[in-house]
Structures are given as C-alpha cells and as structure tokens.
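Each remark here refers to the structure printed beneath this line.
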Amino acid sequence: MPKRIYTFRQGEAERTADAVAALGLKGANLALLASLEAPVPPGFTIATHAWRETKGAGGDLPQALRADLRSAVEWLESVTGRRFGGDQRPLLLAVRTSAGTQLPGLAESVLDVGLTDRTVDVIAAELSDSDFAYRSYRRFIESYAALVFDADLAEFEDLADREKDRVGWGIEPRNVSEWRMLIARYHDFLERELGAVVPQTPLQQMVEVVQASFASWRSLSAANHRMLHAIPENAGLAITVHAMIFNERNQKSGRGRAVSRDLSTGAKRLTGEFSIGGRIEAFDEPPEPIDLATFVERGAPSFAPVLAELAGHVRRIEAHAGDAVEVDFMVGDGALFLMQYRPARRSAGEAVRVAVELVSDGIIEPQEAILRIDPASLDLLLHPTIDRGGGLTVLARGMGASPGAASGEIAFTSERAQAMAADERPVILVRNETHPEDIHGMHVAEGVLTIRGGTTSHAAVVARGIGKPCVTGAGSLRINAARGVLHAGDRVLKEGDRITIDGSSGEVIAGEVRLIRPSLSGDFATLMGFADGARRMRVRTNAETPHEARAARSFGAEGIGLCRTEHMFFEGDRIQSMREMILASDETGRRRALAKLLPIQRSDFIELFEIMAGLPVTIRLLDPPLHEFLPNSDTEIVETAQKLAVDEAVVRQRIAALEEFNPMLGHRGCRLAISYPEIAEMQARAIFEAAIEAGERAGAAVVPEIMIPLVSLRRELDFLKARIDAVAAKVMEERGRRIDYLVGTMIELPRAIIRADSIAEAADFFSFGTNDLTQTVYGISRDDAANFLSTYVRQGILDRDPFQTIDVEGVGEMIALACEKARRTRPDISVGVCGEQGGDPASIAFFEETGLDYVSCSPFRVPIARLAAAQSAIRLSRAGRGRGRR
Ligand code: PEP
Ligand code: MG
C-alpha cells in the first residue's frame, strides 16, 4: 500500500522515487529543499495516491486518510512544540494544492487553518497583536468559505462595508470588540445565507479544506487544461500542508524572491526583491532586481543577517541544480524560510552568460552548457531587437520571415530604394512580393516588407540569406501603386515615411523605434567554442556575395555549401549581358554575351575563394528558368530593347516563348545547361580560372567544387561532367597548371534518390536541395505552400511546415535511402544539405542521425547550426547510438 503522507522538515524529508508524480511540484520541491538542509517550514504532503483513494470513496476523505492526517498533525505538533487548537501556542497551518504541472482552476491556498473563535485570542495574546491575529482570522474565514462553501467574496466585502459605516471604523476594526463584531457578522451571514458553519475544530477545518481542494482537480478549467495538455485525470492532485509563517506580521517579516546570479553578467551575486508588511499578492513581474548591499542601504538593515543566510542556501541549491536558480523565501519575525526554487528565468544573452559562468565555476561541464541553450534563441543575439520600453503603434502584423528589426523610410520600388540609399537614407523596401530583379533593392535596404508571401517566399529566402530583417504576408496593408501610397487601416503612408519592421515577431510599426544592437560577447564565443569541440558535422554557408561570405566566416562558417550563381547576374550592368545572352538568336550570339559575363564571374569567384581562404567552396551552375532574368514591366521592356539595340517585339516574343505553365518543373537546373552547354562552359571556365588565380595569390591550391542542379538522370550528369572536364583540361593547358576540382550534384528530385547509387558513381559529392526535394516529394509548390500549409498545421494534419523542418518520415526517409545507396557505390562520397532546413535545429538532429557530413545554411543561421549540431552529436552519443551514420 503506497504511503499517503510524506513529512518534511529542515534536514529530513520522507523520500519517494517519482517525487513530482507523487507529491506534485510544490511538495517535491519542499522535500528536496528540506533534504538540502534549507530552512523550510515543517510540514507534510498528502500524495496523489490519497487523491485517487478519495476519488474512489466518492470525494469524502476515507477513514484511513483521516487517521493518517491526524498522525501527521501530531508529528507536526511534536516538531513545532505547538498544538492544533491548543489553548497555548496553537498550531496554524497553510494548505496548498500541489500538482505535477502548473495548471489553472485549482483551489487557492488556505492560510491559518486552525484559527477559531478561541485560538484567535490565544494567538493575539502570544503575539501581543490582536489586529494581526484577527486580520488573519478574517482572511481565513473568507478563503475557507470561498473554497468549501463556494461563497462569493464580494458579499464579505459588502458586509464589511456596511459594518464599517455602522460602527464608524476606517480601513479595519479598531479594537478587539469591533473585530469580534465583524467576525460574528461573518458567521451569521454564512449560516443565514448558505446554512454553513466554519468548524471550530481545527482538524475538521483541515479535513474539509483538503476535501474541497482535492475536488478542484476536477473543476472545469483544470479539466480543460488537462485535456489540452494530455494530462491524465488519474495523475491526481497532491496537497502540501506546512506550519504557518507569519511573514506579514511586523517589520522583521516579509517575503521575496532571490536569484543566485546577476543574470546580466553571469556573475555569482545574489539579486532579488522582497516585500515587507504588505498583503500577500501574486508576484507576476518581479520589480527591478537589487543586490544585497543596496537592499540593506535602502533601509532594511534588520534583514542583513537573514540575507547572508539566504545567500548561503541559494549557493548550495544552485550547485545541486547545476543551474542559476530563483528561490522564493519568507521571513517570519526575523526567521528565514525557503519555499520553492526553480531555474531562473532569463533572456537568450543571459542564458549564454550564465551557462558559460557555470562552467568556469566548475558547476557544470561544457557539454551541459551546450545542451542548456536553445539554438533558435541565438538568433536574438545576432540581430538588432526593438527596445520595447516605449509605446509602439503597430500598423500590421505579418510573418516574421527573417529575424532582426530595422527602421527606415518607405521605398516602393528597388530603383527608388537604390536612389534613396545612395543619398544615405535608410530604406525599408515595401513590395507586394519580391522578384529576382529586386535583389539590389533588398541589398541596399535595411529591411524588407511584403504584403504577400510566407516564410519561404522569395523575399523571405533572400532576406535570410543576406541577413536583412523581413516581414512577409502583412495582408492587412495595401499598396496603391498608382498613387504611390501604402494604406494601413485609416493611415496613408507615402514614400519617405518612416516605419519599423520586426522580422522576428512580424510586426510593422509606425515611425522610427530605438533598436538594441547585438554584441557578440566573449561568452558567446566561448559557448561556440564548446559547441565546435563537441560536434561532428561541418557547418557551411549559403552565400554568393562577398558581404555574405565575410559575415558567414565571422559567424564560424567552414566553407560555402551553396553559391547560387544566378544571384550574381542581377547586379549593375550584368543583367544586360544576361538578357543579351537570352535574347540572342543563336549560339554565336550567346557566346558573345557570355564572354562579357566571364570576367565578372571570374572576379566574383576569386573574391569568394579568397574570403574562404582554403575552405571548401561549392558553386552551383545556373538554376532558375531564364524568364526570371527578363524584364517584367512595359517600361523595362522598352528600356531593355533600347539598351540592347533590338526590336521591342523581339523582346516580347522571347518573353512569350520562355513562358511556362510550371516554371519550377520546367526548363531550369541542369536542363538549361544541357540545352545551352555554353552557359555551363562559361561558368566552369570562370571557376577554374578563378581557382588558379586565387591559388597563385594565396600560394596554396584552391579546390573548387562545381555543383549541378536538378539532376534526375545519371546521363544528365555524365553529359555535363564531360563538358566541365573538357573545360578544365583546356584551362589547365592554357595556363600550364594542374588543378584538382570536384564535380557533384544536387539531389532534389525523387528520381535522383531512387537512382542515387548510379548517380553517385558519377558524382564526387551530393548536396540535398531540400527546398526542391520537399516540393517534389510532396507535390506542393514551395511558392504557393503558404496559402494552405498553415491550415494543415492548425488542423493538426501536419505537425510542422516541411519547408522549415525536414519531414523525417517522408523526405527524411528518402534522404537516408539516397545516402545508403550512394555509399554502396561510393563509400567516401561527401554528403551535405543546403536547403532551408539545413539551418533548422530539429532538422539538424535528423541530419546528424543520418550521418551527413555537413549542413549549409544562410550566414546568420551558422551559429545556430553549430550549436544544434553539437547538441545532436551529444544526445546521440548519450543515447548510445554513437556518432553519425544510422
Ligand atoms: C534547394 O532546392 O533546396 C536549394 C538549396 O536550391 P534552391 O532553393 O536554390 O532551389
Ligand atoms: Mg533547388
């Protein structure tokens, strides 16, 4: 027969294996504090098992439990030297519900159980304070009646008001006889209105409070909460009973909360807050933390010894918990009691600082520090955030598509954004949606806001890549292009008006808001160092501009896993040469245009190789359909025709000819290079020439990695690899130099998965393009997914958006299959992932388990990926599954 009641007092606590399940959070916590020698009020916890018995008995406390309760009270009498209902030194108790998790709808605590019309006077005499004794008794009757009789507290208030007016006292009765009169009114009221009597036998009070508290487990809000969080009804409720602490009694009494560390520096320094002489009130937001010295200076010197004692206990609890802790304490007439502790709440920056400090204090191991930090929270440390101290006017809410906050002037086109930025005006680019030609506008803008699109729209992906804050899908805003204004409800904003966007919360805010700039402190670097020591997978970045590549390196990227060369064709005049190539009517014309692009590409690649200084750089051949490079608007079409000296009709014809029903599944990826090998040849030449030149400058060979997109057939790869090899041979002959290089492929189509063994024979490496792979495995267009995927997630049909977190059961299973097949024919093949999921912690855990060699993600995700990779490696090895390949 499991025990029903577990006692505790400083230095000793009756133990049970699954303490939280048996004793609830409060009960388990007090038992632990007691066993850590902390001064806790003596008491006992009625275990959840007793709740189950009571439920079985139809809600009445069974005799056996009543007997156990009696013995527990007797034990308390003996340790406190007080008697329950005694004529001298009566014992008063606090009765509190203690559930296994925080949950609403449970009974409020009932304090001072044991006060009766008789004991109240004994306490008054003992403390020489009848006001205090009667105040406590009044509160006891109110909370008892509310819990046990379901009385309305407002009725007591009315009653006290009437009594006050009748007798003429102020805030409360002035003497014992006025107090007695008020209490008599309370008794009369209960008897008359509810036919109820507050028992004058303490044990009976206790039985009824316990019974009513048990019943609150089945209250409507508790039941709803349990259903929502899948907490079984039978988990049951525990109740903790302890000797009252008179923490409101005098200037030597109070309550407070202490934190073991200064969370802003991580240093060991007790901080906290306290209150003296007030009523018991919920502590939601703790007031500004203060330190011990200030506390004493502020006029509470009588607390100095208590706080010194508190500091000692808090240190010990911290060492036991291995984490910064927050401790609730009470002081009754100068005596300290600890009531509860929990890990200290903290911001992302504070969490990093504290974890690193705990390691340097020898309290935890680096591995533990790594596991303590939520990788996603690092995002907040790498980007500016909004200072929410002042009032903010939120104009609209969209999706937080790329983290960080930015303020600037509205620009409605990329051209205007560039012009305004050239005048050194900070710009927020506001578009219905962005297209590839908006890239330069995005580059010069502080942030990007789009009315349409989701978190994988063009704006979102590009903004994350270049580390710009971005809000997408702010659907309540409306751009009136004709008038050049933005409607936000009743407001009309025009170009040059200031707005602020928060790419983490998705808010669009009026005006300029103060921003808090990130600072990557030494602690951040230390934590990253721990992570690097613990991880197996490499972390590369998706980058094409020197700016991104440098940022990624400063965040610790170990190479480039994906350089999307198409992004390099939009800047300045390049787009004209690109358009000239697309508009050319034959191969000779195309080669002429490509010759103009060659030196530009070459110098881009040299710069990337130099920034990456010997680290691997994977360059992908042109991927998107050609129409993406052609002009959209009439004005642009006319302009292009003029610049290239071709007929406007030719431009329009070519645009029409390139139009596709389904461009994402159309003439793109390696299919382009097969139709126009000269494009791939130009790119390969630029890569090889750049590698030779960068290698010569650095005095160390550069080994470029050329990646072919959207392969589904082995023969596509063979065809292109032959062309690339031919270019390599030619460049080597021309330059009289040998270079090593790799040719690999993206795996982003289901057929490539199935044929991975054969494809691997022709590929030096695989890189899973999980954006396209998710799109093609699901048959869901990545550009249209936002319209319905959120409904799927809301309806519970999908747990998560598979474009953000890898779908382990489907897409993931295919990745694992491809790895297994590829390693069969080429055991040493290098495998990575470069889709968006490469920077997502949950996906990284799967990639670690699958034994991928690296993940590649946007620069600002690199630290997140480093930490997530370390966590995954640690968890896997702790689970005894070793590192890597499953
Ligand atoms: C992918 O498909 O996952 C990928 C990285 O390529 P892109 O997003 O450029 O299509
Ligand atoms: Mg792709």
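Following the order of the structure tokens, chains are lettered A, B, ..., residues in each are numbered from 1, and ligands are numbered from 1.
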
List the neighbours of region 643-647 of chain A out to 10 Å using only C-alpha atoms; skip same-chain residues closer than 6 positions along the sequence, and give me the result as a list in words.
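Result of the neighbour search: Gln576, Ser577, Arg579, Glu580, Leu583, Ala584, Ile637 and Gln653 of chain A.
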
Selection from above, C-alpha atoms, as a tab-separated table (two decimals), in the first residue's frame, can you write it?
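Writing done, so here's result-v9.tsv:
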chain	number	residue	atom	x	y	z
A	576	GLN	CA	22.03	43.45	-69.55
A	577	SER	CA	24.65	40.94	-70.67
A	579	ARG	CA	19.49	39.50	-71.23
A	580	GLU	CA	21.64	39.83	-74.33
A	583	LEU	CA	17.74	37.21	-76.44
A	584	ALA	CA	20.48	36.01	-78.81
A	637	ILE	CA	10.88	46.03	-71.84
A	653	GLN	CA	8.47	37.38	-78.40

Just list as a PyMOL selection string whatever in region 308-537 of chain A DSSP marks as strand (DSSP E or B).
chain A and resi 325-332+335-343+385-386+394-397+399-402+405-411+427-431+447-450+470-472+477-480+485-488+491-494+498-502+507-510+515-516

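Across region 781-814 of chain A, DSSP run on the backbone finds helix (DSSP H, G or I) at Ala786, Asn787, Phe788, Leu789, Ser790, Thr791, Tyr792, Val793, Arg794, Val808, Glu809, Gly810, Val811, Gly812, Glu813 and Met814 of chain A.
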
Kindly assemble as a Markdown table a list of the chain A residues that lie within 7 Å of ligand 2, each paired with its nearest atom pair and their distance in Å to one decimal, using only C-alpha atoms and all ligand atoms, sorted first by chain and then by ascending residue number.
| residue | atom | partner | partner_atom_place_in_ligand_line | distance |
| --- | --- | --- | --- | --- |
| A:Pro709 | CA | ligand 2 | 1 (Mg) | 6.8 |
| A:Leu710 | CA | ligand 2 | 1 (Mg) | 6.7 |
| A:Glu748 | CA | ligand 2 | 1 (Mg) | 6.4 |
| A:Gly769 | CA | ligand 2 | 1 (Mg) | 5.1 |
| A:Asn771 | CA | ligand 2 | 1 (Mg) | 5.9 |
| A:Asp772 | CA | ligand 2 | 1 (Mg) | 4.6 |

Can you list, as JSON, numbers by chain, every protein, DNA or RNA residue that comes within 9 Å of Ala369 (chain A) when you count only C-alpha atoms, leaving out same-chain residues fewer than 6 positions away?
{"A": [352, 354, 355, 356, 358, 359, 527, 530]}

Write a file of the selected residues as a compact mmCIF listing (two decimals), in the first residue's frame, keeping all heavy atoms.
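Below is the file that was written, out.txt:
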# COMPACT_ATOMS: atom_id res chain seq x y z
N VAL A 352 23.21 32.40 -22.10
CA VAL A 352 24.56 32.06 -22.57
C VAL A 352 25.59 32.42 -21.50
O VAL A 352 26.45 31.63 -21.13
CB VAL A 352 24.88 32.80 -23.90
CG1 VAL A 352 26.35 32.65 -24.27
CG2 VAL A 352 24.00 32.27 -25.03
N VAL A 354 25.22 32.85 -18.27
CA VAL A 354 25.13 32.02 -17.07
C VAL A 354 25.71 30.63 -17.33
O VAL A 354 26.48 30.11 -16.53
CB VAL A 354 23.67 31.94 -16.57
CG1 VAL A 354 23.52 30.86 -15.52
CG2 VAL A 354 23.22 33.29 -16.02
N ALA A 355 25.39 30.06 -18.49
CA ALA A 355 25.89 28.71 -18.79
C ALA A 355 27.42 28.70 -18.80
O ALA A 355 28.06 27.81 -18.24
CB ALA A 355 25.33 28.23 -20.12
N VAL A 356 28.01 29.74 -19.43
CA VAL A 356 29.47 29.80 -19.52
C VAL A 356 30.08 30.02 -18.12
O VAL A 356 31.08 29.38 -17.76
CB VAL A 356 29.90 30.92 -20.50
CG1 VAL A 356 31.39 31.20 -20.40
CG2 VAL A 356 29.53 30.52 -21.93
N LEU A 358 28.77 29.09 -15.30
CA LEU A 358 28.62 27.86 -14.52
C LEU A 358 29.74 26.88 -14.86
O LEU A 358 30.23 26.16 -13.99
CB LEU A 358 27.26 27.20 -14.78
CG LEU A 358 26.03 27.91 -14.17
CD1 LEU A 358 24.75 27.31 -14.70
CD2 LEU A 358 26.05 27.83 -12.64
N VAL A 359 30.17 26.87 -16.12
CA VAL A 359 31.29 26.01 -16.50
C VAL A 359 32.57 26.53 -15.84
O VAL A 359 33.32 25.77 -15.24
CB VAL A 359 31.47 25.94 -18.04
CG1 VAL A 359 32.72 25.17 -18.40
CG2 VAL A 359 30.25 25.30 -18.69
N LEU A 527 30.96 29.78 -25.72
CA LEU A 527 29.95 28.74 -25.91
C LEU A 527 30.11 28.08 -27.28
O LEU A 527 30.05 26.86 -27.41
CB LEU A 527 28.54 29.32 -25.78
CG LEU A 527 27.43 28.29 -25.97
CD1 LEU A 527 27.26 27.44 -24.71
CD2 LEU A 527 26.12 28.93 -26.35
N PHE A 530 32.85 25.66 -27.22
CA PHE A 530 32.41 24.37 -26.63
C PHE A 530 31.70 23.55 -27.70
O PHE A 530 31.92 22.34 -27.84
CB PHE A 530 31.41 24.59 -25.48
CG PHE A 530 31.97 25.28 -24.26
CD1 PHE A 530 31.10 25.91 -23.36
CD2 PHE A 530 33.32 25.27 -23.98
CE1 PHE A 530 31.58 26.54 -22.23
CE2 PHE A 530 33.81 25.90 -22.84
CZ PHE A 530 32.94 26.54 -21.96

At most 10 Å from ligand 1 (only C-alpha atoms and all ligand atoms): residue list as number ranges by chain
A: 456, 458, 461-462, 542, 561-567, 620, 622-624, 664, 669, 709-710, 746-749, 767-776, 782, 803, 833-838, 856-857

For Glu108 (chain A): contacts at 9 Å, only C-alpha atoms, fewer than 6 positions along chain excluded, given as a PDB file with N, CA, C and O atoms, in the first residue's frame:
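Printed below is selection-v7.pdb as written:
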ATOM      1  N   VAL A  95      -2.458  25.364   3.806  1.00  0.00           N
ATOM      2  CA  VAL A  95      -2.807  24.195   2.987  1.00  0.00           C
ATOM      3  C   VAL A  95      -2.794  24.624   1.521  1.00  0.00           C
ATOM      4  O   VAL A  95      -3.522  25.538   1.129  1.00  0.00           O
ATOM      5  N   ARG A  96      -1.933  23.972   0.725  1.00  0.00           N
ATOM      6  CA  ARG A  96      -1.762  24.407  -0.672  1.00  0.00           C
ATOM      7  C   ARG A  96      -1.867  23.218  -1.610  1.00  0.00           C
ATOM      8  O   ARG A  96      -1.299  22.158  -1.328  1.00  0.00           O
ATOM      9  N   THR A  97      -2.535  23.403  -2.741  1.00  0.00           N
ATOM     10  CA  THR A  97      -2.575  22.323  -3.735  1.00  0.00           C
ATOM     11  C   THR A  97      -1.197  22.217  -4.384  1.00  0.00           C
ATOM     12  O   THR A  97      -0.487  23.210  -4.525  1.00  0.00           O
ATOM     13  N   SER A 143     -11.396  32.850   2.882  1.00  0.00           N
ATOM     14  CA  SER A 143     -10.920  31.863   1.900  1.00  0.00           C
ATOM     15  C   SER A 143     -11.506  30.479   2.170  1.00  0.00           C
ATOM     16  O   SER A 143     -11.767  29.715   1.237  1.00  0.00           O
ATOM     17  N   LEU A 147     -13.713  28.519  -0.669  1.00  0.00           N
ATOM     18  CA  LEU A 147     -13.349  27.183  -1.157  1.00  0.00           C
ATOM     19  C   LEU A 147     -14.388  26.129  -0.793  1.00  0.00           C
ATOM     20  O   LEU A 147     -14.864  25.378  -1.639  1.00  0.00           O
ATOM     21  N   SER A 213     -10.163  20.991  -1.755  1.00  0.00           N
ATOM     22  CA  SER A 213      -9.009  21.216  -2.628  1.00  0.00           C
ATOM     23  C   SER A 213      -8.870  20.041  -3.600  1.00  0.00           C
ATOM     24  O   SER A 213      -8.615  20.235  -4.795  1.00  0.00           O
TER      25      SER A 213
END

Across A:Arg346, A:Arg52, A:Arg315, A:Arg166, the smallest distance to Phe214 (chain A), with only C-alpha atoms counted, is shown by A:Arg52

Spatial neighbours of Gly744 (chain A), max dist 12 Å, only C-alpha atoms, sep filter under 6 positions, as JSON, numbers by chain:
{"A": [561, 562, 618, 619, 620, 621, 704, 705, 706, 707, 708, 709, 710, 711, 714, 716, 717, 718, 720, 721, 724, 759, 760, 761, 762, 763, 764, 765, 766, 767, 768, 829, 830, 831, 832]}

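Picture a line from CA of Phe84 (chain A) to CA of Pro202 (chain A); it runs 6.4 Å.
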